[in-house]
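J.: Input structure: work_34.txt, which contains compact mmCIF, C-alpha atoms.
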# COMPACT_ATOMS: atom_id res chain seq x y z
CA MET A 324 42.79 104.17 -59.15
CA ALA A 325 46.02 106.16 -59.05
CA ILE A 326 48.06 103.27 -57.73
CA PRO A 327 51.23 102.21 -59.57
CA ALA A 328 50.95 98.84 -61.33
CA THR A 329 52.85 96.03 -59.65
CA TYR A 330 54.07 92.64 -60.78
CA HIS A 331 53.03 89.99 -58.28
CA ARG A 332 53.30 86.40 -59.46
CA GLN A 333 51.69 84.95 -56.33
CA TYR A 334 48.54 87.02 -56.90
CA PHE A 335 48.47 85.96 -60.54
CA ARG A 336 48.95 82.25 -59.86
CA GLU A 337 46.27 82.11 -57.18
CA ARG A 338 43.72 83.54 -59.60
CA THR A 339 44.68 81.89 -62.86
CA ASN A 340 42.76 78.80 -63.98
CA PHE A 341 44.44 77.67 -67.18
CA ARG A 342 42.47 75.16 -69.26
CA LEU A 343 44.05 71.98 -70.54
CA THR A 344 42.07 69.80 -72.92
CA ASN A 345 42.83 66.58 -71.06
CA PRO A 346 44.72 65.23 -68.01
CA VAL A 347 48.49 65.23 -68.51
CA SER A 348 51.44 64.03 -66.45
CA SER A 349 52.26 67.54 -65.25
CA TYR A 350 50.29 70.62 -64.28
CA ARG A 351 46.98 68.85 -63.74
CA ASN A 352 45.95 65.84 -61.63
CA ASP A 353 44.38 62.77 -63.23
CA HIS A 354 42.86 61.15 -60.13
CA PRO A 355 39.43 62.09 -58.73
CA CYS A 356 40.64 62.01 -55.12
CA ASP A 357 43.57 64.39 -55.56
CA GLU A 358 43.33 67.99 -54.46
CA ASN A 359 42.05 70.39 -57.10
CA SER A 360 40.18 67.63 -58.94
CA ARG A 361 37.86 68.93 -61.65
CA TRP A 362 34.20 67.90 -62.07
CA ARG A 363 31.39 68.71 -64.47
CA LYS A 364 27.62 68.14 -64.62
CA PHE A 365 27.11 67.96 -68.42
CA ALA A 366 27.30 64.50 -69.97
CA PHE A 367 29.41 65.26 -73.05
CA SER A 368 32.48 67.44 -73.34
CA ASN A 369 34.49 68.76 -76.26
CA LYS A 370 37.47 67.21 -74.46
CA GLU A 371 36.40 63.67 -75.41
CA GLY A 372 39.04 61.62 -77.19
CA ASP A 373 42.62 60.54 -76.61
CA ASP A 374 45.16 63.14 -75.49
CA GLY A 375 42.75 65.93 -76.31
CA VAL A 376 42.59 64.94 -80.00
CA TRP A 377 39.05 64.38 -81.21
CA SER A 378 38.50 60.82 -82.39
CA ASP A 379 35.38 58.89 -83.40
CA GLN A 380 32.86 58.94 -80.56
CA MET A 381 30.02 56.41 -80.72
CA PHE A 382 26.77 57.38 -79.03
CA GLU A 383 23.87 55.10 -78.05
CA ALA A 384 20.74 55.48 -75.93
CA LYS A 385 19.47 52.13 -74.67
CA TYR A 386 15.79 51.90 -73.84
CA ASP A 387 13.07 49.24 -73.60
CA ASN A 388 9.64 50.85 -73.42
CA GLU A 389 8.21 47.76 -71.68
CA THR A 390 10.62 47.70 -68.75
CA ASP A 391 12.60 50.94 -68.52
CA THR A 392 11.68 54.24 -66.90
CA TYR A 393 14.85 55.94 -68.14
CA ALA A 394 16.99 55.69 -71.24
CA THR A 395 20.64 54.86 -70.57
CA VAL A 396 22.84 57.29 -72.48
CA MET A 397 26.22 55.85 -73.42
CA LEU A 398 29.37 56.99 -75.18
CA ASN A 399 31.81 54.41 -76.51
CA GLY A 400 30.08 51.73 -74.43
CA TYR A 401 30.27 53.59 -71.10
CA VAL A 402 27.27 54.93 -69.22
CA ARG A 403 27.18 58.72 -69.04
CA THR A 404 23.72 59.50 -67.66
CA LEU A 405 20.06 58.51 -67.49
CA VAL A 406 17.34 60.59 -69.11
CA LYS A 407 13.61 60.37 -69.64
CA PRO A 408 13.06 58.85 -73.10
CA GLU A 409 11.20 61.94 -74.35
CA ALA A 410 14.43 63.93 -73.86
CA MET A 411 16.06 61.91 -76.64
CA ALA A 412 14.72 63.81 -79.63
CA PHE A 413 16.41 65.79 -82.35
CA ASP A 414 16.02 69.57 -82.50
CA PRO A 415 12.36 70.28 -83.39
CA ALA A 416 13.40 73.08 -85.75
CA GLN A 417 15.55 70.67 -87.73
CA MET A 418 12.79 68.05 -87.70
CA ALA A 419 10.26 70.60 -89.04
CA SER A 420 12.67 71.60 -91.80
CA ASP A 421 13.24 67.94 -92.67
CA ALA A 422 9.51 67.28 -92.81
CA ALA A 423 9.03 70.23 -95.16
CA ASN A 424 11.64 68.66 -97.45
CA GLY A 425 10.17 65.16 -97.24
CA LEU A 426 12.89 63.85 -94.91
CA ASP A 427 12.51 61.88 -91.70
CA TYR A 428 15.44 61.46 -89.33
CA THR A 429 13.56 60.45 -86.18
CA PHE A 430 15.88 59.55 -83.30
CA GLU A 431 16.17 55.78 -82.74
CA PHE A 432 16.90 54.05 -79.45
CA ASN A 433 19.31 51.09 -79.29
CA LYS A 434 21.19 52.32 -82.34
CA GLU A 435 24.78 53.50 -82.48
CA TYR A 436 25.36 56.95 -83.93
CA GLU A 437 28.69 58.59 -84.63
CA MET A 438 29.00 61.95 -82.92
CA CYS A 439 29.60 64.87 -85.30
CA GLY A 440 32.09 67.52 -84.24
CA ARG A 441 32.48 68.63 -80.64
CA PRO A 442 29.67 69.04 -78.10
CA SER A 443 28.89 72.32 -76.39
CA ASN A 444 30.44 72.36 -72.91
CA TYR A 445 27.31 73.00 -70.86
CA VAL A 446 23.96 71.48 -69.93
CA ASP A 447 21.37 71.93 -72.72
CA GLY A 448 24.06 72.92 -75.19
CA TRP A 449 23.99 71.08 -78.50
CA PHE A 450 25.71 67.91 -79.62
CA GLU A 451 25.25 66.38 -83.05
CA LEU A 452 24.84 62.83 -84.32
CA ARG A 453 25.43 61.56 -87.85
CA VAL A 454 22.11 60.29 -89.20
CA VAL A 455 23.39 59.12 -92.59
CA GLU A 456 26.62 57.13 -92.52
CA GLY A 457 29.39 58.36 -94.78
CA THR A 458 27.85 61.82 -95.15
CA ARG A 459 27.88 65.13 -93.33
CA THR A 460 24.19 64.85 -92.54
CA CYS A 461 23.90 65.38 -88.77
CA ARG A 462 21.10 66.30 -86.38
CA ARG A 463 21.43 67.81 -82.94
CA LEU A 464 20.20 67.07 -79.41
CA ARG A 465 20.57 68.81 -76.06
CA ASN A 466 23.60 67.91 -73.94
CA PRO A 467 21.96 66.22 -70.90
CA VAL A 468 22.79 66.72 -67.25
CA VAL A 469 24.54 63.86 -65.49
CA ALA A 470 21.77 62.41 -63.29
CA PHE A 471 21.22 59.01 -61.68
CA HIS A 472 18.16 58.04 -59.70
CA PRO A 473 19.16 55.59 -56.95
CA ASP A 474 15.90 56.05 -55.02
CA ASP A 475 13.65 55.28 -57.98
CA PRO A 476 12.27 51.72 -57.52
CA ASP A 477 11.97 51.26 -61.28
CA THR A 478 15.69 51.63 -61.88
CA GLY A 479 16.33 48.45 -59.96
CA LYS A 480 14.44 46.55 -62.66
CA THR A 481 16.63 47.56 -65.58
CA SER A 482 20.18 47.06 -66.78
CA CYS A 483 20.67 50.83 -66.86
CA GLY A 484 23.08 53.10 -65.08
CA HIS A 485 22.08 56.37 -63.42
CA ALA A 486 24.15 59.59 -62.80
CA VAL A 487 24.94 63.17 -61.28
CA LEU A 488 28.68 64.90 -61.73
CA THR A 489 31.56 63.32 -63.66
CA PHE A 490 35.27 63.50 -62.96
CA SER A 491 36.76 66.76 -64.77
CA SER A 492 31.98 66.33 -64.16
CA ILE A 493 27.21 66.40 -60.78
CA PRO A 494 23.26 65.75 -59.93
CA HIS A 495 21.20 68.47 -58.27
CA THR A 496 20.80 67.26 -54.68
CA SER A 497 21.61 68.87 -51.36
CA GLN A 498 24.56 66.50 -51.10
CA LEU A 499 26.05 65.63 -54.46
CA SER A 500 26.66 61.94 -54.99
CA LEU A 501 29.32 62.08 -57.64
CA ILE A 502 29.35 59.09 -59.93
CA LEU A 503 32.70 58.33 -61.50
CA LEU A 504 31.56 57.67 -65.04
CA PHE A 505 34.96 56.46 -66.18
CA VAL A 506 34.65 53.41 -63.92
CA SER A 507 30.93 52.85 -64.40
CA HIS A 508 29.48 50.35 -66.83
CA SER A 509 25.99 49.20 -67.81
CA THR A 510 24.77 48.31 -64.32
CA VAL A 511 21.66 49.18 -62.36
CA GLN A 512 23.76 51.49 -60.23
CA PRO A 513 27.41 52.45 -60.72
CA ALA A 514 29.72 50.30 -58.63
CA ASN A 515 31.85 53.23 -57.49
CA VAL A 516 30.40 56.38 -55.95
CA LEU A 517 32.24 59.24 -54.26
CA MET A 518 30.37 61.64 -51.98
CA LEU A 519 31.12 65.34 -52.42
CA PRO A 520 29.86 68.25 -50.34
CA SER A 521 27.21 70.65 -51.56
CA VAL A 522 28.38 73.28 -54.00
CA GLY A 523 29.63 76.30 -52.09
CA GLU A 524 30.00 74.33 -48.87
CA GLY A 525 33.34 72.90 -47.92
CA ASP A 526 35.86 72.59 -50.72
CA LEU A 527 33.63 72.16 -53.80
CA GLU A 528 33.33 75.40 -55.76
CA PRO A 529 32.08 76.36 -59.23
CA ILE A 530 34.66 77.53 -61.77
CA ASP A 531 34.56 78.88 -65.31
CA GLU A 532 30.93 79.82 -64.78
CA VAL A 533 30.67 81.92 -67.93
CA ILE A 534 32.24 79.33 -70.24
CA SER A 535 30.40 76.29 -68.84
CA HIS A 536 27.19 78.10 -67.77
CA GLY A 537 27.92 77.10 -64.17
CA GLY A 538 28.54 73.46 -65.05
CA GLU A 539 32.15 72.93 -63.94
CA TYR A 540 33.55 72.57 -60.43
CA ILE A 541 36.78 72.16 -58.55
CA HIS A 542 37.31 70.27 -55.28
CA LYS A 543 40.23 71.99 -53.60
CA ALA A 544 41.08 69.43 -50.93
CA PRO A 545 41.96 65.74 -51.34
CA LEU A 546 39.04 63.34 -50.93
CA THR A 547 39.34 60.86 -48.07
CA ASP A 548 36.71 58.34 -49.15
CA GLU A 549 37.79 54.69 -48.59
CA LEU A 550 37.05 54.09 -52.27
CA CYS A 551 39.92 56.35 -53.35
CA GLY A 552 42.54 53.65 -52.91
CA ASN A 553 40.66 51.36 -55.33
CA LEU A 554 40.49 53.88 -58.19
CA LYS A 555 43.22 53.91 -60.81
What's the structure tokens form of this structure?

T.:
Amino acid sequence: MAIPATYHRQYFRERTNFRLTNPVSSYRNDHPCDENSRWRKFAFSNKEGDDGVWSDQMFEAKYDNETDTYATVMLNGYVRTLVKPEAMAFDPAQMASDAANGLDYTFEFNKEYEMCGRPSNYVDGWFELRVVEGTRTCRRLRNPVVAFHPDDPDTGKTSCGHAVLTFSSIPHTSQLSLILLFVSHSTVQPANVLMLPSVGEGDLEPIDEVISHGGEYIHKAPLTDELCGNLK
């Protein structure tokens, strides 16, 4: 187009979505009920750690095959999501290579693993766990979606948590019940649940769709849920 270039800061600011690695005191909110709060639907992020600096992250999937329908996936003692137990398996290609070399690193439930490196920031991306302490020997799994199952009668029989989106994180329902994972612990259902509108309806919109494969969202308006005043 033969139109002279212009400098328009308002246009630029309205369309710029700069990416910080973690909530800070300025430029980005750190409360889920504030306007422009960020959410994601993948369980693990490369933004884990203090002040955006990667620190040791301890992973565990709790599961009792006699009582549990789902495995409770946890990071540093906090519930992140529920998955079917068969989803907790290392990459088959790595397992086949290990078998050919006489190695067996089968995934174990109820065991703490140190996370290796940074997870991929999207559902079904890879994250790695250290399978031999004190070495660089790691094996990878798929980054699970945040999904809880409040209507499943079996979940009421376990000490598991269940999930859908997490703060700066959603399940796939017509109305997204967003579980605040940072206030949830190992309970049958998270104690604190905020209700968000469907994606594309109201103020919840997808952002960074290329980078996160459609797994990150922004809620443009403040939330008015009564629970907001109880969240720190």

J.: I need the residue nearest Leu464 (chain A) from this list: A:Phe367, A:Ser420, A:Thr547, A:Val522. Use all atoms listed in the file for the distance.

T.: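 The closest residue to Leu464 (chain A) is A:Phe367.
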
J.: Residues around (27.7, 59.9, -88.1), cut-off 12 Å, counting all atoms listed in the file - what are they as an mmCIF file with C-alpha atoms, in the frame of the given file?

T.:
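Contents of the output file selection.cif:
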data_model
loop_
_atom_site.group_PDB
_atom_site.id
_atom_site.type_symbol
_atom_site.label_atom_id
_atom_site.label_comp_id
_atom_site.auth_asym_id
_atom_site.auth_seq_id
_atom_site.Cartn_x
_atom_site.Cartn_y
_atom_site.Cartn_z
ATOM 1 C CA ASP A 379 35.380 58.890 -83.400
ATOM 2 C CA GLN A 380 32.860 58.940 -80.560
ATOM 3 C CA MET A 381 30.020 56.410 -80.720
ATOM 4 C CA PHE A 382 26.770 57.380 -79.030
ATOM 5 C CA GLU A 383 23.870 55.100 -78.050
ATOM 6 C CA LYS A 434 21.190 52.320 -82.340
ATOM 7 C CA GLU A 435 24.780 53.500 -82.480
ATOM 8 C CA TYR A 436 25.360 56.950 -83.930
ATOM 9 C CA GLU A 437 28.690 58.590 -84.630
ATOM 10 C CA MET A 438 29.000 61.950 -82.920
ATOM 11 C CA CYS A 439 29.600 64.870 -85.300
ATOM 12 C CA GLY A 440 32.090 67.520 -84.240
ATOM 13 C CA PHE A 450 25.710 67.910 -79.620
ATOM 14 C CA GLU A 451 25.250 66.380 -83.050
ATOM 15 C CA LEU A 452 24.840 62.830 -84.320
ATOM 16 C CA ARG A 453 25.430 61.560 -87.850
ATOM 17 C CA VAL A 454 22.110 60.290 -89.200
ATOM 18 C CA VAL A 455 23.390 59.120 -92.590
ATOM 19 C CA GLU A 456 26.620 57.130 -92.520
ATOM 20 C CA GLY A 457 29.390 58.360 -94.780
ATOM 21 C CA THR A 458 27.850 61.820 -95.150
ATOM 22 C CA ARG A 459 27.880 65.130 -93.330
ATOM 23 C CA THR A 460 24.190 64.850 -92.540
ATOM 24 C CA CYS A 461 23.900 65.380 -88.770
ATOM 25 C CA ARG A 462 21.100 66.300 -86.380
ATOM 26 C CA ARG A 463 21.430 67.810 -82.940
#

J.: As an exercise, work out the distance from CA of Pro415 (chain A) to CA of Glu371 (chain A) in Å and give it to one decimal place.

T.: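 One can read the CA of Pro415 (chain A) to CA of Glu371 (chain A) distance as 26.2 Å.
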
J.: Around (15.8, 52.6, -72.1), as given in the file, which residues come within 6 Å? Count only C-alpha atoms and list them as a ChimeraX atom specification.

T.: /A:385-387,391,393-395

J.: Keeping C-alpha atoms, export the residues of the selection given above as a compact mmCIF listing (two decimals), in the coordinates of the input.

T.:
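In the end it all went to part-v1.txt:
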# COMPACT_ATOMS: atom_id res chain seq x y z
CA LYS A 385 19.47 52.13 -74.67
CA TYR A 386 15.79 51.90 -73.84
CA ASP A 387 13.07 49.24 -73.60
CA ASP A 391 12.60 50.94 -68.52
CA TYR A 393 14.85 55.94 -68.14
CA ALA A 394 16.99 55.69 -71.24
CA THR A 395 20.64 54.86 -70.57

J.: May I ask for the distance between CA of Gly448 (chain A) and CA of Arg465 (chain A), given in Å to one decimal place?

T.: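 That distance, rounded to one decimal, is 5.5 Å.
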
J.: Can you work out the spacing between CA of Pro355 (chain A) and CA of Leu550 (chain A) in Å, to one decimal?

T.: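 Computing the Euclidean distance for CA of Pro355 (chain A) and CA of Leu550 (chain A) yields 10.6 Å.
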
J.: Excluding Val406 (chain A) and residues on its chain fewer than 4 positions from it, collect all residues at most 9 Å away from it, counting all atoms listed in the file, and give them as a list of chain:residue names.

T.: A:Thr392, A:Tyr393, A:Ala394, A:Thr395, A:Val396, A:Ala410, A:Met411, A:Pro467, A:Val468, A:Val469, A:Ala470, A:Phe471, A:His485
